[in-house]
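Structure file coords-v2.txt; described as compact mmCIF, C-alpha atoms.
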```
# COMPACT_ATOMS: atom_id res chain seq x y z
CA MET E 1 128.48 92.44 109.34
CA ASN E 2 128.21 90.65 106.00
CA SER E 3 125.00 89.80 104.15
CA GLY E 4 125.94 86.13 103.95
CA TYR E 5 123.05 85.23 106.27
CA LEU E 6 120.92 84.93 103.09
CA GLU E 7 121.15 82.05 100.69
CA GLY E 8 120.63 81.87 96.95
CA GLY E 9 122.90 84.73 95.80
CA ALA E 10 119.95 86.99 95.03
CA THR E 11 121.27 89.73 97.32
CA PRO E 12 124.24 92.07 96.95
CA ASN E 13 127.24 91.77 99.21
CA TYR E 14 126.48 94.59 101.65
CA SER E 15 129.54 95.93 103.41
CA TYR E 16 127.51 96.31 106.60
CA VAL E 17 124.08 95.23 107.80
CA PHE E 18 122.53 96.96 110.79
CA ASN E 19 120.92 94.92 113.53
CA PHE E 20 117.46 96.35 112.85
CA GLU E 21 117.85 95.26 109.21
CA GLU E 22 119.09 91.80 110.09
CA GLU E 23 116.18 91.29 112.48
CA PHE E 24 113.58 92.19 109.85
CA VAL E 25 110.97 89.42 109.41
CA HIS E 26 108.99 90.06 106.27
CA GLN E 27 106.27 87.51 107.09
CA ASP E 28 105.21 89.46 110.18
CA THR E 29 104.95 92.73 108.29
CA ARG E 30 102.89 91.14 105.52
CA VAL E 31 100.45 89.68 108.03
CA TRP E 32 100.09 93.07 109.72
CA MET E 33 99.55 94.91 106.43
CA SER E 34 97.08 92.31 105.17
CA LYS E 35 94.99 92.91 108.27
CA ASN E 36 95.32 96.69 108.34
CA TRP E 37 95.86 98.08 104.84
CA THR E 38 92.20 99.06 104.48
CA TYR E 39 92.64 101.51 107.37
CA GLY E 40 94.37 103.60 104.73
CA PHE E 41 90.93 104.62 103.46
CA TYR E 42 90.05 105.98 106.90
CA TYR E 43 93.35 107.87 107.07
CA VAL E 44 92.69 109.33 103.63
CA GLY E 45 89.21 110.40 104.69
CA ILE E 46 90.56 112.10 107.81
CA TYR E 47 93.29 113.71 105.71
CA MET E 48 90.78 115.17 103.25
CA VAL E 49 88.61 116.57 106.04
CA LEU E 50 91.60 118.11 107.80
CA ILE E 51 93.20 119.74 104.78
CA PHE E 52 90.05 121.24 103.31
CA GLY E 53 88.65 122.02 106.73
CA GLY E 54 92.01 123.55 107.57
CA GLN E 55 91.87 125.75 104.50
CA TRP E 56 88.45 127.00 105.53
CA TYR E 57 89.68 127.62 109.09
CA MET E 58 92.73 129.57 107.87
CA GLN E 59 90.78 131.82 105.51
CA SER E 60 90.35 134.61 108.04
CA ARG E 61 93.57 133.99 109.95
CA PRO E 62 97.18 135.04 109.28
CA ARG E 63 99.50 132.49 107.72
CA PHE E 64 102.13 130.70 109.77
CA GLN E 65 105.77 131.00 108.71
CA LEU E 66 107.01 127.70 110.19
CA THR E 67 110.44 128.28 108.65
CA GLY E 68 112.41 126.32 111.25
CA VAL E 69 109.95 123.44 111.45
CA LEU E 70 109.82 123.22 107.66
CA ALA E 71 113.62 123.04 107.47
CA VAL E 72 113.70 120.19 109.98
CA TRP E 73 110.86 118.38 108.19
CA ASN E 74 112.49 118.60 104.75
CA THR E 75 115.91 117.66 106.10
CA ALA E 76 114.53 114.62 107.91
CA LEU E 77 112.70 113.41 104.81
CA ALA E 78 115.78 114.04 102.67
CA LEU E 79 117.96 111.96 104.98
CA PHE E 80 115.34 109.21 105.16
CA SER E 81 115.08 109.10 101.36
CA ILE E 82 118.86 109.04 100.93
CA CYS E 83 119.12 106.13 103.37
CA GLY E 84 116.33 104.29 101.58
CA ALA E 85 117.92 104.86 98.17
CA THR E 86 121.35 103.66 99.26
CA ARG E 87 119.86 100.51 100.84
CA THR E 88 117.46 99.50 98.04
CA ALA E 89 119.20 100.56 94.81
CA PRO E 90 122.11 98.10 95.24
CA GLU E 91 119.64 95.20 95.28
CA LEU E 92 117.98 96.33 92.05
CA PHE E 93 121.33 96.79 90.30
CA HIS E 94 122.56 93.44 91.60
CA VAL E 95 119.49 91.64 90.30
CA LEU E 96 119.64 93.36 86.90
CA ARG E 97 123.32 92.56 86.53
CA ASN E 98 123.14 88.93 87.65
CA TYR E 99 119.59 87.79 86.90
CA GLY E 100 118.19 90.17 84.30
CA PRO E 101 114.99 92.18 83.78
CA TYR E 102 112.61 89.25 84.28
CA HIS E 103 113.78 88.64 87.84
CA SER E 104 113.69 92.37 88.63
CA ILE E 105 110.05 92.61 87.57
CA CYS E 106 108.62 89.20 88.48
CA VAL E 107 110.47 87.81 91.51
CA PRO E 108 109.92 89.48 94.92
CA SER E 109 113.31 88.48 96.31
CA PHE E 110 113.86 92.10 97.34
CA ILE E 111 111.46 91.39 100.23
CA GLU E 112 111.58 87.63 100.69
CA GLN E 113 115.34 87.06 100.48
CA ASP E 114 116.99 90.41 101.18
CA ARG E 115 116.45 91.68 104.71
CA VAL E 116 118.13 95.01 104.00
CA SER E 117 116.00 95.82 100.98
CA GLY E 118 113.00 94.24 102.69
CA PHE E 119 113.31 96.46 105.75
CA TRP E 120 113.57 99.64 103.68
CA THR E 121 110.67 98.51 101.52
CA TRP E 122 108.63 98.25 104.71
CA MET E 123 109.82 101.69 105.79
CA PHE E 124 108.89 103.09 102.39
CA VAL E 125 105.35 101.77 102.62
CA LEU E 126 104.84 103.05 106.17
CA SER E 127 106.34 106.46 105.34
CA LYS E 128 103.47 107.27 103.00
CA LEU E 129 101.28 107.96 106.03
CA PRO E 130 103.45 110.60 107.78
CA GLU E 131 104.28 112.11 104.37
CA LEU E 132 100.71 113.39 104.36
CA GLY E 133 102.16 115.98 106.73
CA ASP E 134 103.55 117.79 103.67
CA THR E 135 100.08 119.20 103.13
CA VAL E 136 99.91 120.60 106.67
CA PHE E 137 102.58 123.14 105.76
CA ILE E 138 100.64 124.18 102.66
CA VAL E 139 97.45 124.72 104.65
CA LEU E 140 99.04 126.51 107.61
CA ARG E 141 101.19 128.69 105.38
CA LYS E 142 98.10 129.49 103.25
CA GLN E 143 99.62 128.35 99.99
CA PRO E 144 97.43 127.15 97.11
CA LEU E 145 96.57 123.47 97.40
CA ILE E 146 96.31 122.04 93.90
CA PHE E 147 94.80 118.75 92.77
CA LEU E 148 98.07 117.00 91.90
CA HIS E 149 99.42 117.40 95.41
CA TRP E 150 96.65 115.72 97.40
CA TYR E 151 95.72 113.28 94.61
CA HIS E 152 99.28 112.01 94.50
CA HIS E 153 99.48 111.70 98.27
CA ILE E 154 96.32 109.65 98.74
CA THR E 155 96.78 107.35 95.75
CA VAL E 156 100.41 106.53 96.58
CA LEU E 157 99.44 105.71 100.17
CA LEU E 158 96.57 103.41 99.20
CA TYR E 159 98.43 101.73 96.35
CA SER E 160 101.60 101.15 98.39
CA TRP E 161 99.74 99.61 101.30
CA TYR E 162 97.63 97.39 99.05
CA SER E 163 100.61 96.27 96.96
CA TYR E 164 102.58 95.25 100.04
CA THR E 165 99.90 92.67 100.86
CA GLU E 166 100.60 91.08 97.47
CA TYR E 167 104.39 91.46 97.52
CA THR E 168 104.09 93.06 94.09
CA SER E 169 107.42 92.30 92.41
CA SER E 170 107.50 95.33 90.14
CA ALA E 171 107.43 97.50 93.28
CA ARG E 172 111.19 96.89 93.45
CA TRP E 173 111.51 99.42 90.60
CA PHE E 174 108.92 101.83 91.96
CA ILE E 175 110.49 102.01 95.41
CA VAL E 176 114.04 102.60 94.19
CA MET E 177 112.90 105.31 91.78
CA ASN E 178 110.82 107.03 94.43
CA TYR E 179 113.58 106.98 97.03
CA CYS E 180 116.10 108.38 94.54
CA VAL E 181 113.86 111.19 93.28
CA HIS E 182 112.83 112.07 96.83
CA SER E 183 116.48 112.23 97.88
CA VAL E 184 117.14 115.00 95.38
CA MET E 185 113.81 116.69 95.85
CA TYR E 186 113.70 116.92 99.63
CA SER E 187 117.35 117.99 99.69
CA TYR E 188 116.39 120.84 97.37
CA TYR E 189 113.54 121.89 99.63
CA ALA E 190 115.69 121.58 102.72
CA LEU E 191 118.17 124.02 101.16
CA ARG E 192 115.40 126.45 100.23
CA SER E 193 113.84 126.29 103.69
CA MET E 194 117.28 127.16 105.11
CA LYS E 195 117.50 130.21 102.82
CA TYR E 196 119.81 128.65 100.25
CA PHE E 197 118.38 129.02 96.76
CA PRO E 198 119.56 126.68 94.00
CA PRO E 199 119.10 127.96 90.44
CA ARG E 200 115.77 127.56 88.67
CA TRP E 201 117.14 124.92 86.29
CA PHE E 202 117.62 122.60 89.26
CA ALA E 203 113.87 122.64 89.88
CA MET E 204 113.35 121.83 86.21
CA ILE E 205 115.66 118.83 86.57
CA ILE E 206 113.60 117.56 89.50
CA THR E 207 110.38 117.78 87.50
CA THR E 208 112.11 116.04 84.60
CA LEU E 209 113.17 113.25 86.96
CA GLN E 210 109.57 112.90 88.07
CA LEU E 211 108.36 112.66 84.49
CA SER E 212 111.03 110.05 83.76
CA GLN E 213 109.90 108.12 86.83
CA MET E 214 106.35 108.00 85.48
CA ILE E 215 107.50 106.81 82.05
CA VAL E 216 109.63 104.03 83.52
CA GLY E 217 106.76 103.06 85.83
CA CYS E 218 104.43 102.63 82.85
CA CYS E 219 107.06 100.64 80.95
CA VAL E 220 107.67 98.28 83.88
CA ASN E 221 103.95 97.62 84.17
CA ILE E 222 103.64 96.91 80.45
CA TRP E 223 106.62 94.58 80.70
CA ALA E 224 105.06 92.74 83.64
CA TYR E 225 101.79 92.34 81.74
CA GLN E 226 103.66 90.90 78.74
CA TYR E 227 105.33 88.31 80.97
CA LEU E 228 101.95 87.28 82.36
CA LYS E 229 100.36 87.19 78.91
CA ALA E 230 103.19 84.94 77.70
CA GLY E 231 102.35 82.48 80.47
CA GLN E 232 105.45 83.14 82.53
CA ALA E 233 105.31 83.11 86.31
CA CYS E 234 105.28 86.72 87.46
CA HIS E 235 104.39 87.89 90.96
CA ASN E 236 102.17 90.74 89.78
CA SER E 237 98.40 90.53 89.58
CA VAL E 238 96.64 91.87 86.49
CA PHE E 239 94.47 94.06 88.72
CA ASN E 240 97.55 95.56 90.36
CA ILE E 241 99.13 96.23 86.99
CA LYS E 242 96.00 98.05 85.82
CA LEU E 243 95.93 100.15 88.98
CA SER E 244 99.60 100.99 88.74
CA ILE E 245 99.67 101.94 85.07
CA ALA E 246 96.55 104.09 85.52
CA MET E 247 98.26 105.92 88.39
CA TYR E 248 101.57 106.39 86.60
CA PHE E 249 99.89 107.60 83.41
CA SER E 250 97.72 110.08 85.32
CA TYR E 251 100.79 111.33 87.19
CA PHE E 252 102.64 111.77 83.91
CA VAL E 253 99.82 113.84 82.40
CA LEU E 254 99.54 116.03 85.50
CA PHE E 255 103.29 116.56 85.86
CA ALA E 256 103.65 117.26 82.13
CA ARG E 257 100.94 119.88 82.41
CA PHE E 258 102.70 121.35 85.43
CA PHE E 259 106.04 121.41 83.60
CA GLN E 260 104.50 123.17 80.61
CA LYS E 261 102.66 125.69 82.75
CA THR E 262 105.56 126.47 85.06
CA TYR E 263 108.61 126.35 82.79
CA LEU E 264 107.49 126.67 79.18
CA THR E 265 104.64 129.15 79.20
CA SER E 266 105.27 132.66 77.94
CA ASP E 267 103.02 134.11 80.62
CA LYS E 268 105.41 135.57 83.17
CA LYS E 269 102.78 135.56 85.87
CA SER E 270 102.46 131.80 85.70
CA LYS E 271 106.18 131.23 86.03
CA GLY E 272 107.30 130.44 89.55
CA THR E 273 103.78 130.37 90.92
CA GLU E 274 103.92 126.67 91.66
CA ARG E 275 106.62 124.36 92.82
CA ILE E 276 107.20 120.64 92.72
CA THR E 277 107.16 118.54 95.81
CA THR E 278 107.72 114.90 96.60
CA ASN E 279 104.17 113.75 96.19
CA GLY E 280 102.73 116.32 93.88
CA VAL E 281 102.91 120.06 93.59
CA THR E 282 102.74 122.85 96.08
CA PRO E 283 103.27 126.56 95.61
CA SER E 284 105.65 128.29 95.23
CA LEU E 285 109.28 128.71 94.35
CA LYS E 286 109.05 132.34 95.38
CA GLU E 287 106.98 131.87 98.51
CA LYS E 288 109.40 129.30 99.92
CA SER E 289 111.99 132.04 100.28
CA HIS E 290 109.84 134.14 102.59
```
So, in terms of structure tokens, how does the structure I just supplied come out?
Amino acid sequence: MNSGYLEGGATPNYSYVFNFEEEFVHQDTRVWMSKNWTYGFYYVGIYMVLIFGGQWYMQSRPRFQLTGVLAVWNTALALFSICGATRTAPELFHVLRNYGPYHSICVPSFIEQDRVSGFWTWMFVLSKLPELGDTVFIVLRKQPLIFLHWYHHITVLLYSWYSYTEYTSSARWFIVMNYCVHSVMYSYYALRSMKYFPPRWFAMIITTLQLSQMIVGCCVNIWAYQYLKAGQACHNSVFNIKLSIAMYFSYFVLFARFFQKTYLTSDKKSKGTERITTNGVTPSLKEKSH
């Protein structure tokens, strides 16, 4: 099924479009999110109570292994991320090649004109809620829960839901980058949970990809602000840009600190005591093999 159902040439020529993608109606999803995005604060509150309450509950109890469940969880998220990457990245590349950086940052055609990219954008936003389940494994397996992990989870959820109500154009970049990094990352964890252990340098590459993601995120926001300051029409609010650049910069600082502590420190005890994850950091490269 060809993507010719859209007009304007702002979409790539997909070799096949699934029915559920073709039937995507972005207006309905925006109305729903506009009415319900603030529920994210309630979900975050429940999440915080559960994870820290769960840690307290597990203090005097033996840890769960959850090896099989963890393998299924990581594999499912890896496959979801791969699907999302392969369905959203072509739109970004198409726009950059045919319309340039301005369109990629300031025109939300990835939702309004492209049903394929629009559907997977919607899936991306919704997925931030079940992804909170990552932390359940940390708590039940009695692994250290560090700040970056839960901070990243809650801020990404709230920002993604809020931004969808505005159809933030720069999100085109953020979503593609996130899907791509998650594809590699969750695949790595799926292999580890199935007792296959990639070399340590592969974990370093994943953290480097995350750092690169944060740098590009900051650059895209600065670029969007420059377009607005120059008086050009750009579908990004100044408030959203400030939120986004604050998040990306804080992520960069935290991930850089993690990279230095985990891979560059001379203290052998600190090496391998934490591991990267999709929305932050969880321990540990060694513990995942048990």
Would you mind listing, for every residue of stretch 99-201 of chain E within 6 Å of stretch 229-249 of chain E, the two atoms forming the shortest contact and the distance between them in Å to one decimal, using only C-alpha atoms, sorted by chain and ascending residue number, as JSON lines?
```
{"residue": "E:Cys106", "atom": "CA", "partner": "E:Cys234", "partner_atom": "CA", "distance": 4.3}
{"residue": "E:Thr168", "atom": "CA", "partner": "E:Asn236", "partner_atom": "CA", "distance": 5.3}
{"residue": "E:Ser169", "atom": "CA", "partner": "E:His235", "partner_atom": "CA", "distance": 5.5}
```
Those residues with C-alpha atoms, as an mmCIF file, in the frame of the given file please?
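The resulting selection-v6.cif:
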```cif
data_model
loop_
_atom_site.group_PDB
_atom_site.id
_atom_site.type_symbol
_atom_site.label_atom_id
_atom_site.label_comp_id
_atom_site.auth_asym_id
_atom_site.auth_seq_id
_atom_site.Cartn_x
_atom_site.Cartn_y
_atom_site.Cartn_z
ATOM 1 C CA CYS E 106 108.620 89.200 88.480
ATOM 2 C CA THR E 168 104.090 93.060 94.090
ATOM 3 C CA SER E 169 107.420 92.300 92.410
#
```
- Message: Using Å and a single decimal, report how far atom CA of E:Lys142 sits from atom CA of E:Met58.
- Response: 7.1 Å
- Message: Quick one: residues within 12 Å of E:Thr11, all atoms listed in the file, excluding same-chain residues fewer than 5 positions away - as a ChimeraX atom specification?
- Response: /E:2-6,87-99,104,108-118
Keeping only C-alpha atoms, take the residues you just selected and write them out as a JSON list (two decimals), in the coordinates of the input.
```json
[["chain", "number", "residue", "atom", "x", "y", "z"],
["E", 2, "ASN", "CA", 128.21, 90.65, 106.00],
["E", 3, "SER", "CA", 125.00, 89.80, 104.15],
["E", 4, "GLY", "CA", 125.94, 86.13, 103.95],
["E", 5, "TYR", "CA", 123.05, 85.23, 106.27],
["E", 6, "LEU", "CA", 120.92, 84.93, 103.09],
["E", 87, "ARG", "CA", 119.86, 100.51, 100.84],
["E", 88, "THR", "CA", 117.46, 99.50, 98.04],
["E", 89, "ALA", "CA", 119.20, 100.56, 94.81],
["E", 90, "PRO", "CA", 122.11, 98.10, 95.24],
["E", 91, "GLU", "CA", 119.64, 95.20, 95.28],
["E", 92, "LEU", "CA", 117.98, 96.33, 92.05],
["E", 93, "PHE", "CA", 121.33, 96.79, 90.30],
["E", 94, "HIS", "CA", 122.56, 93.44, 91.60],
["E", 95, "VAL", "CA", 119.49, 91.64, 90.30],
["E", 96, "LEU", "CA", 119.64, 93.36, 86.90],
["E", 97, "ARG", "CA", 123.32, 92.56, 86.53],
["E", 98, "ASN", "CA", 123.14, 88.93, 87.65],
["E", 99, "TYR", "CA", 119.59, 87.79, 86.90],
["E", 104, "SER", "CA", 113.69, 92.37, 88.63],
["E", 108, "PRO", "CA", 109.92, 89.48, 94.92],
["E", 109, "SER", "CA", 113.31, 88.48, 96.31],
["E", 110, "PHE", "CA", 113.86, 92.10, 97.34],
["E", 111, "ILE", "CA", 111.46, 91.39, 100.23],
["E", 112, "GLU", "CA", 111.58, 87.63, 100.69],
["E", 113, "GLN", "CA", 115.34, 87.06, 100.48],
["E", 114, "ASP", "CA", 116.99, 90.41, 101.18],
["E", 115, "ARG", "CA", 116.45, 91.68, 104.71],
["E", 116, "VAL", "CA", 118.13, 95.01, 104.00],
["E", 117, "SER", "CA", 116.00, 95.82, 100.98],
["E", 118, "GLY", "CA", 113.00, 94.24, 102.69]]
```
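The two atoms in question, atom CA of E:Ser81 and atom CA of E:His182, are spaced 5.9 Å apart.
Atom CA of E:Ile138 sits 11.0 Å away from atom CA of E:Phe52.
Minimum distance to E:Lys261 across E:Gly40, E:Met204, E:Tyr162, E:Tyr151 (counting all atoms listed in the file) occurs at E:Met204.
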- Selected residue of minimal separation from E:Asn178 among E:Pro144, E:Gly84, E:Pro198, E:Gly100, counting all atoms listed in the file: E:Gly84
Can you pull out every residue within 9 Å of stretch 207-221 of chain E, counting only C-alpha atoms, but drop anything in the same chain fewer than 2 positions away, and send it as an mmCIF file with C-alpha atoms, in the coordinates of the input?
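What ended up in selection.cif:
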```cif
data_model
loop_
_atom_site.group_PDB
_atom_site.id
_atom_site.type_symbol
_atom_site.label_atom_id
_atom_site.label_comp_id
_atom_site.auth_asym_id
_atom_site.auth_seq_id
_atom_site.Cartn_x
_atom_site.Cartn_y
_atom_site.Cartn_z
ATOM 1 C CA ILE E 105 110.050 92.610 87.570
ATOM 2 C CA SER E 170 107.500 95.330 90.140
ATOM 3 C CA TRP E 173 111.510 99.420 90.600
ATOM 4 C CA PHE E 174 108.920 101.830 91.960
ATOM 5 C CA MET E 177 112.900 105.310 91.780
ATOM 6 C CA ASN E 178 110.820 107.030 94.430
ATOM 7 C CA VAL E 181 113.860 111.190 93.280
ATOM 8 C CA PHE E 202 117.620 122.600 89.260
ATOM 9 C CA ALA E 203 113.870 122.640 89.880
ATOM 10 C CA MET E 204 113.350 121.830 86.210
ATOM 11 C CA ILE E 205 115.660 118.830 86.570
ATOM 12 C CA TRP E 223 106.620 94.580 80.700
ATOM 13 C CA ALA E 224 105.060 92.740 83.640
ATOM 14 C CA TYR E 225 101.790 92.340 81.740
ATOM 15 C CA GLN E 226 103.660 90.900 78.740
ATOM 16 C CA ILE E 241 99.130 96.230 86.990
ATOM 17 C CA LYS E 242 96.000 98.050 85.820
ATOM 18 C CA SER E 244 99.600 100.990 88.740
ATOM 19 C CA ILE E 245 99.670 101.940 85.070
ATOM 20 C CA ALA E 246 96.550 104.090 85.520
ATOM 21 C CA MET E 247 98.260 105.920 88.390
ATOM 22 C CA TYR E 248 101.570 106.390 86.600
ATOM 23 C CA PHE E 249 99.890 107.600 83.410
ATOM 24 C CA SER E 250 97.720 110.080 85.320
ATOM 25 C CA TYR E 251 100.790 111.330 87.190
ATOM 26 C CA PHE E 252 102.640 111.770 83.910
ATOM 27 C CA VAL E 253 99.820 113.840 82.400
ATOM 28 C CA PHE E 255 103.290 116.560 85.860
ATOM 29 C CA ALA E 256 103.650 117.260 82.130
ATOM 30 C CA PHE E 258 102.700 121.350 85.430
ATOM 31 C CA PHE E 259 106.040 121.410 83.600
ATOM 32 C CA ILE E 276 107.200 120.640 92.720
ATOM 33 C CA THR E 277 107.160 118.540 95.810
ATOM 34 C CA THR E 278 107.720 114.900 96.600
#
```
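Residue neighbourhood of E:Thr165, excluding near-sequence residues (fewer than 5 positions): His26, Gln27, Asp28, Thr29, Arg30, Val31, Trp32, Met33, Ser34, Lys35, Asn36, Trp37, Thr38, Ile111, Trp122, Val125, Leu158, Tyr159, Ser160, Ala171, His235, Asn236, Ser237 and Asn240 of chain E, at 12 Å, using only C-alpha atoms.
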- Which polymer residues have any atom within 7 Å of an atom of E:Ala71, counting all atoms listed in the file, with same-chain residues fewer than 4 positions away left out, as a ChimeraX atom specification? /E:67,75,190,193-194
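Between E:Pro62 and the residues E:Asn74, E:Gln143, E:Ile154, E:Thr265, the shortest atom-to-atom distance, using all atoms listed in the file, involves E:Gln143.
Taking all atoms listed in the file, the non-local environment of E:Val139 within 7 Å (same-chain residues fewer than 6 positions away omitted) comprises E:Ile51, E:Gly54, E:Gln55.
With all atoms listed in the file as the basis for measurement, E:Met123 is the residue among E:Leu264, E:Met123, E:Val49, E:Met185 that approaches E:Cys83 most closely.
When only C-alpha atoms are used to compute distances to E:Phe64, the closest of the residues E:Arg200, E:Ser163, E:Val136, E:Arg257 turns out to be E:Val136.
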